[in-house]
file entry.cif (mmCIF, C-alpha atoms and all ligand atoms)
data_model
loop_
_atom_site.label_atom_id
_atom_site.label_comp_id
_atom_site.auth_asym_id
_atom_site.auth_seq_id
_atom_site.Cartn_x
_atom_site.Cartn_y
_atom_site.Cartn_z
CA MET H 1 0.00 0.00 0.00
CA LYS H 2 1.32 3.45 -0.89
CA GLY H 3 2.05 5.51 2.22
CA LYS H 4 0.38 8.84 2.92
CA ASN H 5 1.86 12.16 4.00
CA ILE H 6 0.68 12.69 7.56
CA LEU H 7 1.02 15.76 9.79
CA VAL H 8 0.93 14.98 13.52
CA PHE H 9 0.47 17.47 16.37
CA GLY H 10 1.35 16.26 19.89
CA GLY H 11 3.49 13.42 18.53
CA SER H 12 5.99 13.52 21.38
CA GLY H 13 3.41 12.36 23.93
CA GLN H 14 2.52 8.82 24.98
CA ILE H 15 0.04 8.13 22.18
CA GLY H 16 2.07 10.09 19.63
CA ARG H 17 5.24 8.05 20.04
CA HIS H 18 3.44 4.70 19.70
CA LEU H 19 1.47 6.04 16.73
CA ILE H 20 4.51 7.40 14.86
CA ARG H 21 6.17 3.98 15.11
CA ARG H 22 3.04 2.29 13.73
CA LEU H 23 2.60 4.82 10.91
CA THR H 24 6.21 4.84 9.71
CA LYS H 25 6.44 1.03 9.85
CA ASN H 26 3.43 0.97 7.54
CA ASN H 27 5.14 3.20 4.97
CA HIS H 28 3.42 6.46 5.92
CA MET H 29 5.59 9.60 5.86
CA VAL H 30 5.16 11.54 9.10
CA THR H 31 5.85 15.18 9.94
CA VAL H 32 5.65 15.87 13.69
CA VAL H 33 5.18 19.34 15.11
CA THR H 34 6.67 20.04 18.53
CA ARG H 35 7.14 23.15 20.66
CA SER H 36 10.73 22.29 21.43
CA ILE H 37 12.95 20.26 19.14
CA HIS H 38 15.74 20.42 21.76
CA ARG H 39 13.63 18.86 24.51
CA LYS H 40 11.58 16.45 22.39
CA GLY H 41 13.84 15.81 19.38
CA TYR H 42 15.82 13.07 21.11
CA VAL H 43 12.72 11.01 21.87
CA LEU H 44 11.08 11.69 18.50
CA LYS H 45 14.08 10.93 16.29
CA THR H 46 14.15 7.26 17.33
CA GLN H 47 10.47 6.61 16.57
CA GLY H 48 10.76 6.25 12.79
CA ASN H 49 13.32 5.05 10.24
CA PRO H 50 15.37 7.74 8.47
CA GLY H 51 13.42 9.22 5.60
CA TYR H 52 10.02 8.48 7.15
CA LEU H 53 10.04 11.09 9.90
CA ASP H 54 10.43 14.84 9.79
CA ILE H 55 10.41 16.95 12.99
CA VAL H 56 9.39 20.61 12.94
CA GLU H 57 9.47 23.14 15.77
CA GLU H 58 6.51 25.48 15.45
CA ASN H 59 4.03 27.70 17.26
CA ILE H 60 0.69 25.91 16.86
CA PHE H 61 -1.19 29.22 16.85
CA ASP H 62 0.72 30.68 13.87
CA GLU H 63 -1.84 30.17 11.11
CA GLU H 64 0.51 31.09 8.27
CA LYS H 65 3.02 28.46 9.40
CA LEU H 66 0.24 25.89 9.84
CA ASN H 67 -0.93 26.60 6.27
CA ASN H 68 2.58 25.92 4.98
CA LEU H 69 2.88 22.72 7.02
CA ILE H 70 -0.41 21.30 5.78
CA LYS H 71 0.53 21.71 2.09
CA ASN H 72 1.04 18.31 0.38
CA LYS H 73 -0.35 16.39 3.37
CA GLU H 74 -3.19 13.92 3.02
CA VAL H 75 -3.92 13.35 6.71
CA CYS H 76 -3.69 15.55 9.82
CA ILE H 77 -3.84 14.10 13.36
CA ASN H 78 -4.28 16.20 16.50
CA LEU H 79 -3.05 14.56 19.72
CA ILE H 80 -2.44 17.78 21.66
CA GLY H 81 -4.13 17.78 25.04
CA ILE H 82 -3.53 18.88 28.64
CA LEU H 83 -4.81 17.62 31.99
CA PHE H 84 -4.38 20.86 33.93
CA GLU H 85 -4.12 24.53 33.02
CA LYS H 86 -0.96 26.61 33.40
CA LYS H 87 -0.57 30.25 32.34
CA ASN H 88 -1.51 30.44 28.61
CA ASN H 89 -1.86 26.67 28.36
CA THR H 90 -5.57 26.92 29.09
CA PHE H 91 -8.23 24.33 28.23
CA GLN H 92 -9.82 27.00 26.01
CA ASN H 93 -6.61 27.52 23.99
CA ILE H 94 -5.54 23.87 23.73
CA HIS H 95 -8.85 21.98 23.53
CA VAL H 96 -11.03 24.55 21.75
CA ASN H 97 -9.05 27.25 19.93
CA PHE H 98 -6.31 25.08 18.42
CA PRO H 99 -8.67 22.32 17.17
CA SER H 100 -10.88 25.05 15.68
CA ILE H 101 -7.95 26.69 13.84
CA ILE H 102 -6.40 23.48 12.54
CA SER H 103 -9.69 21.93 11.39
CA LYS H 104 -10.48 25.12 9.43
CA ILE H 105 -7.04 25.01 7.79
CA CYS H 106 -7.53 21.31 6.94
CA LYS H 107 -10.82 22.15 5.24
CA GLN H 108 -9.34 25.08 3.28
CA ASN H 109 -6.53 22.82 2.07
CA ASN H 110 -8.82 19.92 1.11
CA ILE H 111 -7.12 17.42 3.43
CA GLU H 112 -8.46 13.85 3.01
CA GLN H 113 -8.72 13.11 6.74
CA PHE H 114 -8.55 15.05 9.99
CA ILE H 115 -8.34 12.78 13.04
CA HIS H 116 -8.76 14.35 16.48
CA ILE H 117 -8.25 12.64 19.83
CA SER H 118 -10.86 13.65 22.36
CA ALA H 119 -11.78 11.64 25.48
CA LEU H 120 -14.43 9.15 26.62
CA GLY H 121 -17.18 10.29 28.98
CA ILE H 122 -16.86 14.03 28.31
CA ASP H 123 -20.57 14.42 27.53
CA LYS H 124 -21.50 13.23 31.03
CA ALA H 125 -18.95 15.19 33.09
CA LYS H 126 -20.73 18.51 32.78
CA ASP H 127 -19.07 20.00 35.88
CA SER H 128 -15.49 19.44 34.64
CA ASN H 129 -13.76 22.23 32.71
CA TYR H 130 -11.53 19.64 30.99
CA ALA H 131 -14.56 17.72 29.72
CA LYS H 132 -16.48 20.86 28.74
CA SER H 133 -13.52 22.17 26.72
CA LYS H 134 -12.98 18.82 24.97
CA LEU H 135 -16.65 18.73 24.00
CA GLU H 136 -16.62 22.31 22.74
CA GLY H 137 -13.49 21.50 20.70
CA GLU H 138 -15.29 18.55 19.09
CA LYS H 139 -18.23 20.80 18.14
CA LYS H 140 -15.93 23.41 16.54
CA ILE H 141 -14.22 20.67 14.53
CA GLN H 142 -17.50 19.21 13.31
CA THR H 143 -18.68 22.68 12.21
CA ASN H 144 -15.41 23.44 10.42
CA PHE H 145 -14.69 20.07 8.80
CA ASP H 146 -17.60 17.66 8.36
CA LYS H 147 -15.31 14.76 7.36
CA ALA H 148 -13.35 14.89 10.65
CA THR H 149 -13.07 11.68 12.67
CA ILE H 150 -13.07 12.11 16.43
CA LEU H 151 -11.77 9.37 18.72
CA ARG H 152 -12.83 9.21 22.34
CA PRO H 153 -10.50 6.79 24.14
CA SER H 154 -10.92 5.59 27.70
CA ILE H 155 -7.82 5.86 29.85
CA VAL H 156 -4.75 4.91 27.77
CA TYR H 157 -1.88 2.96 29.36
CA SER H 158 1.61 1.78 28.43
CA VAL H 159 5.13 1.96 29.81
CA ASP H 160 5.16 5.61 28.63
CA ASP H 161 1.95 6.68 30.40
CA ASN H 162 1.37 9.08 33.29
CA PHE H 163 -1.24 6.76 34.76
CA THR H 164 -0.01 3.28 35.73
CA THR H 165 3.58 4.53 36.11
CA ASN H 166 2.60 7.41 38.44
CA PHE H 167 0.29 5.18 40.47
CA MET H 168 2.99 2.53 40.86
CA THR H 169 5.42 5.22 42.05
CA LEU H 170 2.92 6.53 44.61
CA LEU H 171 1.92 3.04 45.75
CA ASN H 172 5.58 2.25 46.19
CA ARG H 173 6.15 5.25 48.45
CA LEU H 174 2.92 5.61 50.43
CA PRO H 175 1.80 3.12 53.09
CA PHE H 176 -1.84 3.81 52.20
CA PHE H 177 -3.73 5.22 49.24
CA PRO H 178 -6.97 7.25 49.19
CA LEU H 179 -10.01 5.85 47.41
CA TYR H 180 -12.06 8.63 45.83
CA TYR H 181 -15.80 7.94 45.52
CA ASN H 182 -15.16 4.63 47.36
CA GLY H 183 -13.08 3.50 44.39
CA GLU H 184 -16.28 2.51 42.57
CA THR H 185 -15.81 4.52 39.34
CA LYS H 186 -15.52 2.16 36.37
CA PHE H 187 -12.86 2.35 33.64
CA THR H 188 -12.15 0.45 30.42
CA PRO H 189 -8.38 1.01 29.94
CA ILE H 190 -7.02 0.61 26.44
CA HIS H 191 -3.39 -0.20 25.66
CA CYS H 192 -1.60 2.54 23.72
CA SER H 193 -0.47 0.14 20.97
CA GLU H 194 -4.08 -0.94 20.32
CA LEU H 195 -5.28 2.68 20.16
CA SER H 196 -2.46 3.36 17.66
CA GLU H 197 -3.59 0.34 15.64
CA ILE H 198 -7.15 1.74 15.57
CA ILE H 199 -5.85 5.10 14.26
CA LEU H 200 -3.82 3.26 11.60
CA GLN H 201 -6.93 1.34 10.54
CA ILE H 202 -8.92 4.59 10.29
CA ILE H 203 -6.24 5.98 7.95
CA ASN H 204 -5.83 2.82 5.87
CA GLU H 205 -9.59 2.34 5.45
CA ASN H 206 -10.19 6.09 5.00
CA ILE H 207 -12.88 6.19 7.72
CA CYS H 208 -14.37 9.71 7.95
CA SER H 209 -17.15 11.70 9.66
CA GLU H 210 -17.47 9.55 12.75
CA ILE H 211 -17.18 9.78 16.52
CA ILE H 212 -15.58 6.51 17.63
CA GLU H 213 -15.31 5.56 21.30
CA CYS H 214 -12.28 3.37 22.04
CA ILE H 215 -12.15 0.93 24.93
CA GLY H 216 -10.02 -1.96 26.08
CA PRO H 217 -11.34 -5.50 26.74
CA GLN H 218 -11.79 -5.21 30.54
CA GLU H 219 -14.08 -3.15 32.76
CA MET H 220 -12.50 -2.33 36.14
CA THR H 221 -13.25 -0.09 39.09
CA PHE H 222 -10.66 2.40 40.36
CA LYS H 223 -10.20 0.15 43.39
CA GLU H 224 -9.64 -2.94 41.23
CA ILE H 225 -7.04 -1.06 39.16
CA LEU H 226 -5.14 -0.10 42.33
CA GLN H 227 -5.39 -3.65 43.71
CA LYS H 228 -3.93 -5.04 40.48
CA LEU H 229 -1.06 -2.53 40.55
CA ILE H 230 -0.30 -3.28 44.21
CA LYS H 231 -0.14 -7.00 43.42
CA LEU H 232 2.06 -6.40 40.38
CA ILE H 233 4.63 -4.39 42.35
CA ASP H 234 4.48 -6.96 45.13
CA LYS H 235 3.49 -4.61 47.97
CA LYS H 236 0.92 -4.57 50.74
CA ARG H 237 -0.95 -1.29 50.90
CA LEU H 238 -4.08 -0.01 52.60
CA LEU H 239 -6.75 1.43 50.31
CA ILE H 240 -8.78 3.88 52.36
CA PRO H 241 -12.11 5.34 51.20
CA ILE H 242 -12.07 9.06 52.03
CA PRO H 243 -14.98 11.52 52.29
CA LEU H 244 -15.23 14.00 49.41
CA ILE H 245 -14.45 16.99 51.61
CA VAL H 246 -11.14 15.38 52.69
CA ALA H 247 -10.39 14.48 49.06
CA LYS H 248 -10.96 18.13 48.10
CA LEU H 249 -8.66 19.42 50.83
CA MET H 250 -5.93 16.96 49.84
CA THR H 251 -6.35 17.96 46.18
CA LEU H 252 -6.03 21.66 47.05
CA PHE H 253 -2.62 20.76 48.47
CA PHE H 254 -1.68 18.61 45.43
CA GLN H 255 -2.60 21.53 43.15
CA LEU H 256 0.25 23.58 44.61
CA PHE H 257 2.85 21.37 42.87
CA PRO H 258 4.21 22.58 39.49
CA LYS H 259 2.96 19.28 37.98
CA PRO H 260 -0.05 18.52 40.20
CA LEU H 261 -0.69 14.92 41.21
CA LEU H 262 -4.41 15.67 41.03
CA THR H 263 -6.49 18.80 40.43
CA LEU H 264 -10.00 19.64 41.63
CA ASP H 265 -11.14 19.39 38.02
CA GLN H 266 -9.69 15.86 37.70
CA LEU H 267 -11.32 14.94 41.01
CA LYS H 268 -14.68 15.88 39.46
CA LEU H 269 -13.89 13.73 36.39
CA LEU H 270 -13.11 10.74 38.61
CA LYS H 271 -16.76 10.67 39.67
CA TYR H 272 -17.98 9.54 36.23
CA ASP H 273 -17.75 6.01 34.83
CA ASN H 274 -15.52 5.81 31.77
CA LEU H 275 -17.59 3.35 29.71
CA LEU H 276 -19.12 3.23 26.23
CA SER H 277 -21.99 5.73 26.01
CA GLY H 278 -24.08 3.72 23.57
CA ASN H 279 -24.64 6.92 21.54
CA ASN H 280 -21.67 6.59 19.20
CA LYS H 281 -19.77 3.95 17.27
CA SER H 282 -16.96 2.16 19.06
CA ASN H 283 -13.80 0.38 17.97
CA LEU H 284 -15.87 -2.83 17.97
CA ASP H 285 -18.14 -1.36 15.26
CA ILE H 286 -15.18 -0.74 12.97
CA GLY H 287 -14.03 -4.33 13.50
CA TYR H 288 -11.24 -3.69 15.99
CA ASN H 289 -11.58 -5.79 19.11
CA CYS H 290 -8.91 -4.92 21.69
CA LYS H 291 -7.32 -8.01 23.24
CA LEU H 292 -4.43 -6.85 25.41
CA LYS H 293 -5.08 -7.56 29.10
CA PHE H 294 -4.25 -4.89 31.69
CA GLU H 295 -2.32 -7.14 34.14
CA GLU H 296 -0.44 -8.99 31.40
CA GLU H 297 0.78 -5.80 29.75
CA ILE H 298 1.75 -4.07 33.00
CA GLU H 299 3.57 -7.19 34.15
CA LYS H 300 6.05 -6.48 31.33
CA TYR H 301 7.21 -3.22 32.94
CA CYS H 302 6.07 -3.24 36.58
CA TYR H 303 9.33 -4.81 37.78
CA MET H 304 10.83 -1.31 37.67
CA TRP H 305 8.71 -0.55 40.75
CA ARG H 306 9.46 -3.82 42.57
CA GLU H 307 12.00 -3.98 45.35
CA THR H 308 14.60 -6.08 43.56
CA GLY H 309 14.01 -5.73 39.83
CA GLN H 310 13.15 -8.24 37.13
CA PHE H 311 15.49 -11.19 37.57
CA SER H 312 16.00 -11.64 41.31
CA LYS H 313 15.12 -14.98 42.93
CA LYS H 314 14.56 -15.59 46.63
CA ASP H 315 17.31 -18.15 47.14
CA LEU H 316 19.99 -18.59 44.53
CA ASN H 317 21.89 -21.89 44.85
CA VAL H 318 25.37 -21.08 43.64
CA ASN H 319 28.27 -23.53 44.17
N1 LIG U 1 -3.47 9.36 27.96
C1 LIG U 1 -4.75 9.09 28.19
O1 LIG U 1 -5.10 8.30 29.07
C2 LIG U 1 -5.83 9.76 27.35
C3 LIG U 1 -7.15 9.37 27.51
C4 LIG U 1 -8.13 9.98 26.75
C5 LIG U 1 -7.79 10.98 25.85
N2 LIG U 1 -6.49 11.36 25.71
C6 LIG U 1 -6.15 12.44 24.76
O2 LIG U 1 -5.25 11.95 23.79
C7 LIG U 1 -4.37 13.00 23.39
C8 LIG U 1 -2.91 12.54 23.53
O3 LIG U 1 -2.72 12.09 24.85
P1 LIG U 1 -1.26 11.72 25.41
O4 LIG U 1 -1.48 10.92 26.63
O5 LIG U 1 -0.40 11.19 24.33
O6 LIG U 1 -0.77 13.17 25.85
P2 LIG U 1 0.66 13.62 26.37
O7 LIG U 1 1.57 12.47 26.55
O8 LIG U 1 0.45 14.53 27.53
O9 LIG U 1 1.19 14.50 25.14
C9 LIG U 1 0.51 15.65 24.77
C10 LIG U 1 1.24 16.37 23.65
O10 LIG U 1 0.63 17.65 23.55
C11 LIG U 1 1.62 18.60 23.20
N3 LIG U 1 1.30 19.86 23.88
C12 LIG U 1 0.91 20.06 25.16
N4 LIG U 1 0.70 21.38 25.38
C13 LIG U 1 0.97 22.00 24.20
C14 LIG U 1 0.97 23.36 23.79
N5 LIG U 1 0.67 24.34 24.64
N6 LIG U 1 1.30 23.64 22.53
C15 LIG U 1 1.67 22.67 21.68
N7 LIG U 1 1.69 21.36 22.01
C16 LIG U 1 1.35 21.04 23.25
C17 LIG U 1 2.98 18.06 23.65
O11 LIG U 1 3.86 18.21 22.53
P3 LIG U 1 5.28 18.99 22.58
O12 LIG U 1 5.72 19.08 24.01
O13 LIG U 1 6.19 18.15 21.74
O14 LIG U 1 5.02 20.31 21.96
C18 LIG U 1 2.72 16.58 23.91
O15 LIG U 1 3.39 15.79 22.97
C19 LIG U 1 -4.72 14.21 24.25
O16 LIG U 1 -5.57 15.05 23.54
C20 LIG U 1 -5.45 13.61 25.43
O17 LIG U 1 -6.38 14.49 26.00
C21 LIG U 1 -5.49 10.77 26.45
#
call {"tool": "encode", "arguments": {"input": "entry.cif", "output": "structure tokens"}}
result
Amino acid sequence: MKGKNILVFGGSGQIGRHLIRRLTKNNHMVTVVTRSIHRKGYVLKTQGNPGYLDIVEENIFDEEKLNNLIKNKEVCINLIGILFEKKNNTFQNIHVNFPSIISKICKQNNIEQFIHISALGIDKAKDSNYAKSKLEGEKKIQTNFDKATILRPSIVYSVDDNFTTNFMTLLNRLPFFPLYYNGETKFTPIHCSELSEIILQIINENICSEIIECIGPQEMTFKEILQKLIKLIDKKRLLIPIPLIVAKLMTLFFQLFPKPLLTLDQLKLLKYDNLLSGNNKSNLDIGYNCKLKFEEEIEKYCYMWRETGQFSKKDLNVN
């Protein structure tokens, strides 16, 4: 199959890196836009074979530069997203204004496909600014470019994530861990490589004008996720349900960190189940059935959080 010219925004992140590897291995030519080639170049350069990957440092709000970048591209993918706001990095700018600008430019330049990564459950979480901004961004895109395909993944995990890796670090250090909303919120985690495979399929089959929810094969509560991680890192930890008011006070403290462990807005999001809505298509409807099991995949990298690493045995019999 002849490869396509693909422009990727947010390619240095968890999903971006997995996706670039998938795309370039399948003969697609990728141009990645980053804010800082010095900070992100080293991780990006190794994701594709020479000749298949071009890295560009650019301001994503410079419309003239975006117009130049989009020329000769067939597909544009937007993976830019933030979990908390900082100075000008507001939800409005990143989740609404940029998707609006880039989808308009894609339309003006007659791009074949614009693929945007949103998030599962955003239509329910009406009190979260993150969710509201993601939803507003989707609406702008649909108005500007009717052929856009929007993906709404559940929580995405891999060795490069900020989810299982952060939790394993915290569970390693803390003797107990708070359970928000009694740990009952349900999730359907999807492995990053399977989400990348879904995006590749959307490009190869030229799927357009859809909202597609993407979920992994297992449904788990927050408490079950933590229990699995505790077992994987071979620790004994107390999981303590905490009242919402205490959770809010703790979160106010966490918010003081430059990279907050949790924000009040994320605490609100944690209240809502992260499951298929039933209102949109899902990866199952486009014939992609995720198979990778949460415990089995994390077992491949969890040893980094165990006491003695990957190869240690209790009693080695050496003569
Ligand atoms: N990870 C999940 O569990 C999950 C779940 C549902 C939805 N999503 C969505 O999927 C998308 C990708 O997620 P991810 O986990 O791969 O994210 P990530 O690892 O945090 O990477 C986000 C990317 O956004 C870019 N970025 C951030 N702020 C920017 C700014 N002000 N200007 C330009 N670029 C900026 C960064 O690129 P540079 O630093 O190179 O510029 C970075 O590569 C996001 O939209 C996210 O909301 C993720």
call {"tool": "closest_atom_pairs", "arguments": {"input": "entry.cif", "of": "chain H", "to": "ligand LIG 1 (chain U)", "cutoff": "6 Å", "atoms": "only C-alpha atoms and all ligand atoms", "output": "tab-separated table"}}
result
residue	atom	partner	partner_atom	distance
H:Gly10	CA	U:LIG1	O15	3.7
H:Gly11	CA	U:LIG1	O15	5.0
H:Ser12	CA	U:LIG1	O15	3.8
H:Gly13	CA	U:LIG1	O7	3.2
H:Gln14	CA	U:LIG1	O5	3.8
H:Ile15	CA	U:LIG1	O5	3.8
H:Gly16	CA	U:LIG1	O5	5.4
H:Thr34	CA	U:LIG1	O13	3.8
H:Arg35	CA	U:LIG1	O14	3.8
H:Lys40	CA	U:LIG1	O13	5.7
H:Ile60	CA	U:LIG1	C15	5.9
H:Leu79	CA	U:LIG1	C7	4.2
H:Ile80	CA	U:LIG1	O10	3.6
H:Gly81	CA	U:LIG1	O16	3.4
H:Ile82	CA	U:LIG1	C12	5.8
H:Asn89	CA	U:LIG1	N5	5.1
H:Ile117	CA	U:LIG1	O2	5.0
H:Ser118	CA	U:LIG1	C5	5.4
H:Ala119	CA	U:LIG1	C5	4.1
H:Pro153	CA	U:LIG1	C4	4.8
H:Ser154	CA	U:LIG1	C4	5.3
H:Ile155	CA	U:LIG1	O1	3.7
H:Val156	CA	U:LIG1	O1	3.6
call {"tool": "residues_near_point", "arguments": {"input": "entry.cif", "point": "(4.9, 6.2, 30.6)", "cutoff": "12 Å", "atoms": "all atoms listed in the file", "output": "list in words"}}
result
Ser12, Gly13, Gln14, Ile15, Gly16, Arg17, His18, Val156, Tyr157, Ser158, Val159, Asp160, Asp161, Asn162, Phe163, Thr164, Thr165, Asn166, Phe167, Met168, Thr169, His191, Cys192, Ile298, Tyr301, Cys302 and Met304 of chain H
call {"tool": "residues_around", "arguments": {"input": "entry.cif", "residues": "region 97-112 of chain H", "least_positions_apart": "5", "cutoff": "8 Å", "atoms": "all atoms listed in the file", "output": "JSON, numbers by chain"}}
result
{"H": [60, 61, 63, 66, 67, 70, 71, 73, 74, 75, 76, 78, 92, 137, 138, 140, 141, 144, 145, 148]}
call {"tool": "residues_around", "arguments": {"input": "entry.cif", "residues": "region 240-246 of chain H", "least_positions_apart": "2", "cutoff": "9 Å", "atoms": "all atoms listed in the file", "output": "MDAnalysis selection string"}}
result
chainID H and resid 176:183 238 248:251
call {"tool": "closest_residue", "arguments": {"input": "entry.cif", "among": "H:Phe187, H:Tyr288, H:Tyr303, H:Tyr130", "to": "Tyr272 (chain H)", "atoms": "only C-alpha atoms"}}
result
H:Phe187
call {"tool": "closest_residue", "arguments": {"input": "entry.cif", "among": "H:Lys147, H:His95, H:Arg306, H:Lys86", "to": "Phe114 (chain H)", "atoms": "only C-alpha atoms"}}
result
H:Lys147
call {"tool": "closest_residue", "arguments": {"input": "entry.cif", "among": "H:Glu205, H:Arg21, H:Asn72, H:Thr188", "to": "Asn49 (chain H)", "atoms": "only C-alpha atoms"}}
result
H:Arg21
call {"tool": "closest_residue", "arguments": {"input": "entry.cif", "among": "H:Leu44, H:Val32, H:Leu23, H:Leu229", "to": "Leu170 (chain H)", "atoms": "all atoms listed in the file"}}
result
H:Leu229
call {"tool": "residues_around", "arguments": {"input": "entry.cif", "residues": "Arg152 (chain H)", "least_positions_apart": "6", "cutoff": "10 Å", "atoms": "all atoms listed in the file", "output": "CSV table (one decimal) with C-alpha atoms, in the coordinates of the input"}}
result
chain,number,residue,atom,x,y,z
H,116,HIS,CA,-8.8,14.4,16.5
H,117,ILE,CA,-8.2,12.6,19.8
H,118,SER,CA,-10.9,13.6,22.4
H,119,ALA,CA,-11.8,11.6,25.5
H,120,LEU,CA,-14.4,9.2,26.6
H,121,GLY,CA,-17.2,10.3,29.0
H,122,ILE,CA,-16.9,14.0,28.3
H,134,LYS,CA,-13.0,18.8,25.0
H,211,ILE,CA,-17.2,9.8,16.5
H,212,ILE,CA,-15.6,6.5,17.6
H,213,GLU,CA,-15.3,5.6,21.3
H,214,CYS,CA,-12.3,3.4,22.0
H,215,ILE,CA,-12.2,0.9,24.9
H,276,LEU,CA,-19.1,3.2,26.2
H,280,ASN,CA,-21.7,6.6,19.2
H,282,SER,CA,-17.0,2.2,19.1
H,283,ASN,CA,-13.8,0.4,18.0
call {"tool": "atom_distance", "arguments": {"input": "entry.cif", "atom1": "CA of Asp146 (chain H)", "atom2": "CA of Leu7 (chain H)"}}
result
18.8 Å
call {"tool": "residues_around", "arguments": {"input": "entry.cif", "residues": "Met29 (chain H)", "least_positions_apart": "3", "cutoff": "9 Å", "atoms": "all atoms listed in the file", "output": "number ranges by chain"}}
result
H: 3-7, 23-24, 51-54
call {"tool": "atom_distance", "arguments": {"input": "entry.cif", "atom1": "CA of Leu200 (chain H)", "atom2": "CA of Val33 (chain H)"}}
result
18.8 Å
call {"tool": "build_atoms", "arguments": {"input": "entry.cif", "residues": "region 198-203 of chain H", "atoms": "all heavy atoms", "output": "CSV table (one decimal), keeping the file's coordinate frame"}}
result
chain,number,residue,atom,x,y,z
H,198,ILE,N,-5.8,1.3,16.0
H,198,ILE,CA,-7.2,1.7,15.6
H,198,ILE,C,-7.0,3.0,14.7
H,198,ILE,O,-7.6,3.1,13.6
H,198,ILE,CB,-8.0,2.1,16.8
H,198,ILE,CG1,-8.4,0.8,17.6
H,198,ILE,CG2,-9.3,2.8,16.4
H,198,ILE,CD1,-9.0,1.0,18.9
H,199,ILE,N,-6.1,3.9,15.1
H,199,ILE,CA,-5.8,5.1,14.3
H,199,ILE,C,-5.3,4.7,12.9
H,199,ILE,O,-5.7,5.2,11.8
H,199,ILE,CB,-4.9,6.1,15.0
H,199,ILE,CG1,-5.5,6.5,16.3
H,199,ILE,CG2,-4.6,7.3,14.1
H,199,ILE,CD1,-4.6,7.4,17.2
H,200,LEU,N,-4.4,3.7,12.9
H,200,LEU,CA,-3.8,3.3,11.6
H,200,LEU,C,-4.9,2.7,10.7
H,200,LEU,O,-5.0,3.0,9.5
H,200,LEU,CB,-2.7,2.2,11.9
H,200,LEU,CG,-2.1,1.6,10.6
H,200,LEU,CD1,-1.2,2.6,9.9
H,200,LEU,CD2,-1.2,0.4,11.0
H,201,GLN,N,-5.8,1.9,11.3
H,201,GLN,CA,-6.9,1.3,10.5
H,201,GLN,C,-7.8,2.4,10.0
H,201,GLN,O,-8.3,2.4,8.8
H,201,GLN,CB,-7.7,0.4,11.5
H,201,GLN,CG,-8.8,-0.3,10.7
H,201,GLN,CD,-9.6,-1.3,11.6
H,201,GLN,OE1,-9.0,-1.9,12.5
H,201,GLN,NE2,-10.9,-1.5,11.3
H,202,ILE,N,-8.1,3.5,10.8
H,202,ILE,CA,-8.9,4.6,10.3
H,202,ILE,C,-8.3,5.3,9.1
H,202,ILE,O,-9.0,5.6,8.1
H,202,ILE,CB,-9.2,5.6,11.5
H,202,ILE,CG1,-10.1,5.0,12.4
H,202,ILE,CG2,-9.6,6.9,11.0
H,202,ILE,CD1,-10.3,5.7,13.8
H,203,ILE,N,-7.0,5.4,9.1
H,203,ILE,CA,-6.2,6.0,8.0
H,203,ILE,C,-6.3,5.0,6.8
H,203,ILE,O,-6.7,5.4,5.7
H,203,ILE,CB,-4.8,6.3,8.3
H,203,ILE,CG1,-4.8,7.4,9.4
H,203,ILE,CG2,-4.0,6.8,7.1
H,203,ILE,CD1,-3.4,7.6,10.1
